[in-house]
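Engineer: Just dropping this structure here.
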Amino acid sequence: MLWNNAAIMPLSFFEEGKVDEWERMIDINIKGVLYGIHAVLPTMLSNGSGHIVTTSSVGGLKTFPSGGVYGCTKFAVRAIMDTLRQEVAGKVKVTTIYPGSVTTELGHDITSEKVFSMLSSYGKWTRLDADAIADAFIYAISQPGNVAVNDLIIRPSDQPL
């Protein structure tokens, strides 16, 4: 079993040109998933079983201003995981979890003043505790052998995005 669960989210607008932040997001959010899969897939295929779970984001389902590069990385995760699911169907289970707003350190690396200004004008919604995401993970991995939970969207009930 593998749970790919690492990401950074230094949101910024394209016009700000924060290329170094973009590159870090691509390296961690996309390459991290690929390298994780690469590390376990040969063994899982050899054993004829396994489960790869990856945390994406609702940002991988819908874009938003300042989230272009972050969303790009999460849309890439969606494509990677869906392709993997098709390639290993019947051999390895594949699940992608799409969390909404969760109480974590994600976003604490935002350096854009424009993003801070924009976020302060958004309506406030509640944040999920990390336990809610862990519960979704447990749900996905606890299904019988012939059941694959491929995609789980989990967000606060008052989150509009």
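Residues are referred to by chain and number: the chain letter is A, B, ... according to the order shown in the structure tokens, the number counts from 1 in that chain, and ligands are numbered separately from 1 in the order shown.
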Which residues are close to Arg127 in chain A, i.e. within 7 Å by only C-alpha atoms, leaving aside same-chain residues fewer than 3 positions away? Reply as a list in words.
Structural biologist: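 Contacts, with the query itself left out: Ser101, Val102, Thr103 and Pro156 of chain A.
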Engineer: Enumerate the residues of range 27-135 of chain A with a DSSP assignment of strand (DSSP E), computed from the backbone, and present them as a PyMOL selection string.
Structural biologist: chain A and resi 51-55+93-99
Engineer: Put those residues in a file: N, CA, C and O atoms, as an mmCIF file, in the first residue's frame.
Structural biologist:
```cif
data_model
loop_
_atom_site.group_PDB
_atom_site.id
_atom_site.type_symbol
_atom_site.label_atom_id
_atom_site.label_comp_id
_atom_site.auth_asym_id
_atom_site.auth_seq_id
_atom_site.Cartn_x
_atom_site.Cartn_y
_atom_site.Cartn_z
ATOM 1 N N HIS A 51 -2.494 -1.374 -3.395
ATOM 2 C CA HIS A 51 -3.416 -0.250 -3.439
ATOM 3 C C HIS A 51 -2.592 1.031 -3.397
ATOM 4 O O HIS A 51 -1.778 1.216 -2.497
ATOM 5 N N ILE A 52 -2.800 1.890 -4.383
ATOM 6 C CA ILE A 52 -2.139 3.191 -4.425
ATOM 7 C C ILE A 52 -3.202 4.256 -4.244
ATOM 8 O O ILE A 52 -4.142 4.344 -5.030
ATOM 9 N N VAL A 53 -3.050 5.035 -3.183
ATOM 10 C CA VAL A 53 -3.957 6.133 -2.881
ATOM 11 C C VAL A 53 -3.156 7.422 -3.002
ATOM 12 O O VAL A 53 -2.031 7.507 -2.507
ATOM 13 N N THR A 54 -3.736 8.418 -3.674
ATOM 14 C CA THR A 54 -3.066 9.703 -3.815
ATOM 15 C C THR A 54 -4.018 10.810 -3.420
ATOM 16 O O THR A 54 -5.182 10.805 -3.815
ATOM 17 N N THR A 55 -3.513 11.755 -2.649
ATOM 18 C CA THR A 55 -4.289 12.934 -2.305
ATOM 19 C C THR A 55 -4.087 13.965 -3.401
ATOM 20 O O THR A 55 -2.959 14.362 -3.689
ATOM 21 N N LYS A 93 -5.387 -1.729 -6.898
ATOM 22 C CA LYS A 93 -6.438 -0.732 -6.718
ATOM 23 C C LYS A 93 -5.819 0.667 -6.749
ATOM 24 O O LYS A 93 -4.685 0.865 -6.301
ATOM 25 N N VAL A 94 -6.585 1.623 -7.270
ATOM 26 C CA VAL A 94 -6.119 3.003 -7.405
ATOM 27 C C VAL A 94 -7.223 3.930 -6.910
ATOM 28 O O VAL A 94 -8.355 3.841 -7.375
ATOM 29 N N THR A 95 -6.882 4.807 -5.970
ATOM 30 C CA THR A 95 -7.840 5.752 -5.405
ATOM 31 C C THR A 95 -7.239 7.144 -5.390
ATOM 32 O O THR A 95 -6.074 7.317 -5.024
ATOM 33 N N THR A 96 -8.043 8.133 -5.772
ATOM 34 C CA THR A 96 -7.647 9.538 -5.654
ATOM 35 C C THR A 96 -8.636 10.217 -4.724
ATOM 36 O O THR A 96 -9.844 10.121 -4.910
ATOM 37 N N ILE A 97 -8.095 10.897 -3.714
ATOM 38 C CA ILE A 97 -8.914 11.656 -2.776
ATOM 39 C C ILE A 97 -8.761 13.131 -3.127
ATOM 40 O O ILE A 97 -7.648 13.631 -3.278
ATOM 41 N N TYR A 98 -9.911 13.817 -3.257
ATOM 42 C CA TYR A 98 -9.944 15.241 -3.614
ATOM 43 C C TYR A 98 -10.466 16.045 -2.433
ATOM 44 O O TYR A 98 -11.658 16.301 -2.342
ATOM 45 N N PRO A 99 -9.592 16.472 -1.519
ATOM 46 C CA PRO A 99 -10.059 17.260 -0.379
ATOM 47 C C PRO A 99 -10.336 18.713 -0.761
ATOM 48 O O PRO A 99 -9.677 19.280 -1.636
#
```
Engineer: Could you check the closest approach to Leu119 in chain A for each of A:Asp20, A:Ala39, A:Ser142, A:Ser66 and tell me which residue wins, using only C-alpha atoms?
Structural biologist: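 For Leu119 in chain A, the nearest of the candidates is A:Ser66.
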Engineer: Tell me which of A:Met118, A:Ala148, A:Leu2, A:Gly90 sits closest to Thr43 in chain A, counting only C-alpha atoms.
Structural biologist: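 So, comparing all the options, the nearest one is A:Leu2.
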Engineer: So how far away is CA of Asp158 in chain A from CA of Ala6 in chain A, in Å?
Structural biologist: 25.1 Å
Engineer: As a short mmCIF file (atom, residue, chain, number, x, y, z; two decimals) with C-alpha atoms, in the first residue's frame, list the residues of chain A assigned to alpha helix (DSSP H) by DSSP on the backbone atoms of this structure.
Structural biologist:
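Output below, filename out26.cif:
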```cif
data_model
loop_
_atom_site.label_atom_id
_atom_site.label_comp_id
_atom_site.auth_asym_id
_atom_site.auth_seq_id
_atom_site.Cartn_x
_atom_site.Cartn_y
_atom_site.Cartn_z
CA VAL A 19 8.67 30.75 -11.62
CA ASP A 20 10.71 29.29 -8.74
CA GLU A 21 7.48 28.56 -6.84
CA TRP A 22 5.92 27.03 -9.96
CA GLU A 23 8.90 24.73 -10.40
CA ARG A 24 8.75 23.60 -6.75
CA MET A 25 5.03 22.84 -7.10
CA GLY A 32 6.44 13.23 -6.13
CA VAL A 33 3.37 11.24 -7.19
CA LEU A 34 5.19 9.70 -10.15
CA TYR A 35 8.22 8.73 -8.07
CA GLY A 36 5.98 7.24 -5.37
CA ILE A 37 4.18 5.11 -7.95
CA HIS A 38 7.48 4.06 -9.48
CA ALA A 39 8.80 2.98 -6.08
CA VAL A 40 5.97 0.53 -5.36
CA LEU A 41 4.29 -0.50 -8.62
CA PRO A 42 6.74 -3.18 -9.77
CA THR A 43 6.39 -5.02 -6.46
CA MET A 44 2.62 -4.67 -6.42
CA LEU A 45 2.35 -6.00 -9.97
CA SER A 46 4.70 -8.85 -9.14
CA ASN A 47 2.56 -9.73 -6.11
CA GLY A 68 -3.40 28.13 -12.21
CA VAL A 69 -0.14 26.31 -11.55
CA TYR A 70 -1.42 24.57 -8.42
CA GLY A 71 -4.51 23.45 -10.34
CA CYS A 72 -2.30 22.32 -13.21
CA THR A 73 -0.38 20.05 -10.85
CA LYS A 74 -3.58 18.64 -9.38
CA PHE A 75 -5.19 18.13 -12.82
CA ALA A 76 -1.99 16.26 -13.71
CA VAL A 77 -2.40 14.07 -10.64
CA ARG A 78 -5.94 13.32 -11.77
CA ALA A 79 -4.68 12.26 -15.23
CA ILE A 80 -1.85 10.20 -13.77
CA MET A 81 -4.12 8.33 -11.38
CA ASP A 82 -6.90 7.70 -13.89
CA THR A 83 -4.42 6.38 -16.44
CA LEU A 84 -2.78 4.21 -13.78
CA ARG A 85 -6.22 2.89 -12.78
CA GLN A 86 -6.86 1.80 -16.36
CA GLU A 87 -3.43 0.24 -16.78
CA VAL A 88 -3.53 -1.85 -13.60
CA GLU A 113 0.35 39.90 -1.48
CA LYS A 114 -2.28 39.88 -4.25
CA VAL A 115 -3.41 36.41 -3.17
CA PHE A 116 -3.62 37.47 0.48
CA SER A 117 -5.76 40.42 -0.57
CA MET A 118 -8.02 38.22 -2.69
CA LEU A 119 -8.39 35.56 0.01
CA SER A 120 -9.41 38.13 2.60
CA SER A 121 -12.35 39.15 0.38
CA ALA A 130 -7.35 16.02 8.95
CA ASP A 131 -9.25 13.15 10.59
CA ALA A 132 -11.98 13.52 7.95
CA ILE A 133 -9.43 12.84 5.21
CA ALA A 134 -8.02 9.90 7.17
CA ASP A 135 -11.56 8.51 7.46
CA ALA A 136 -11.97 8.79 3.67
CA PHE A 137 -8.68 6.94 3.24
CA ILE A 138 -9.81 4.18 5.61
CA TYR A 139 -13.11 3.91 3.74
CA ALA A 140 -11.30 3.47 0.41
CA ILE A 141 -8.83 0.86 1.61
#
```
Engineer: Quick one: pull the distance between CA of Lys91 in chain A and CA of Asn29 in chain A, Å, one decimal.
Structural biologist: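 These two atoms are separated by 25.3 Å.
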Engineer: To one decimal in Å, tell me the separation between CA of Thr111 in chain A and CA of Ser157 in chain A.
Structural biologist: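 It comes out at 28.5 Å.
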Engineer: Just checking: using only C-alpha atoms, which residue out of A:Trp3, A:Ile26, A:Gly67, A:Ile153 ends up closest to Gly107 in chain A?
Structural biologist: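 With only C-alpha atoms as the atom set, the closest residue is A:Gly67.
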Engineer: Give the answer as one residue: which of A:Thr126, A:Ser49, A:Gln159, A:Asn4 has the shortest atom-to-atom distance to Gly145 in chain A, using only C-alpha atoms?
Structural biologist: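 Checking each candidate against Gly145 in chain A, we get A:Ser49 as the closest.
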Engineer: Just checking: using only C-alpha atoms, which residue out of A:Pro10, A:Pro160, A:Pro144, A:Gly50 ends up closest to Ile110 in chain A?
Structural biologist: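 Closest candidate: A:Pro10.
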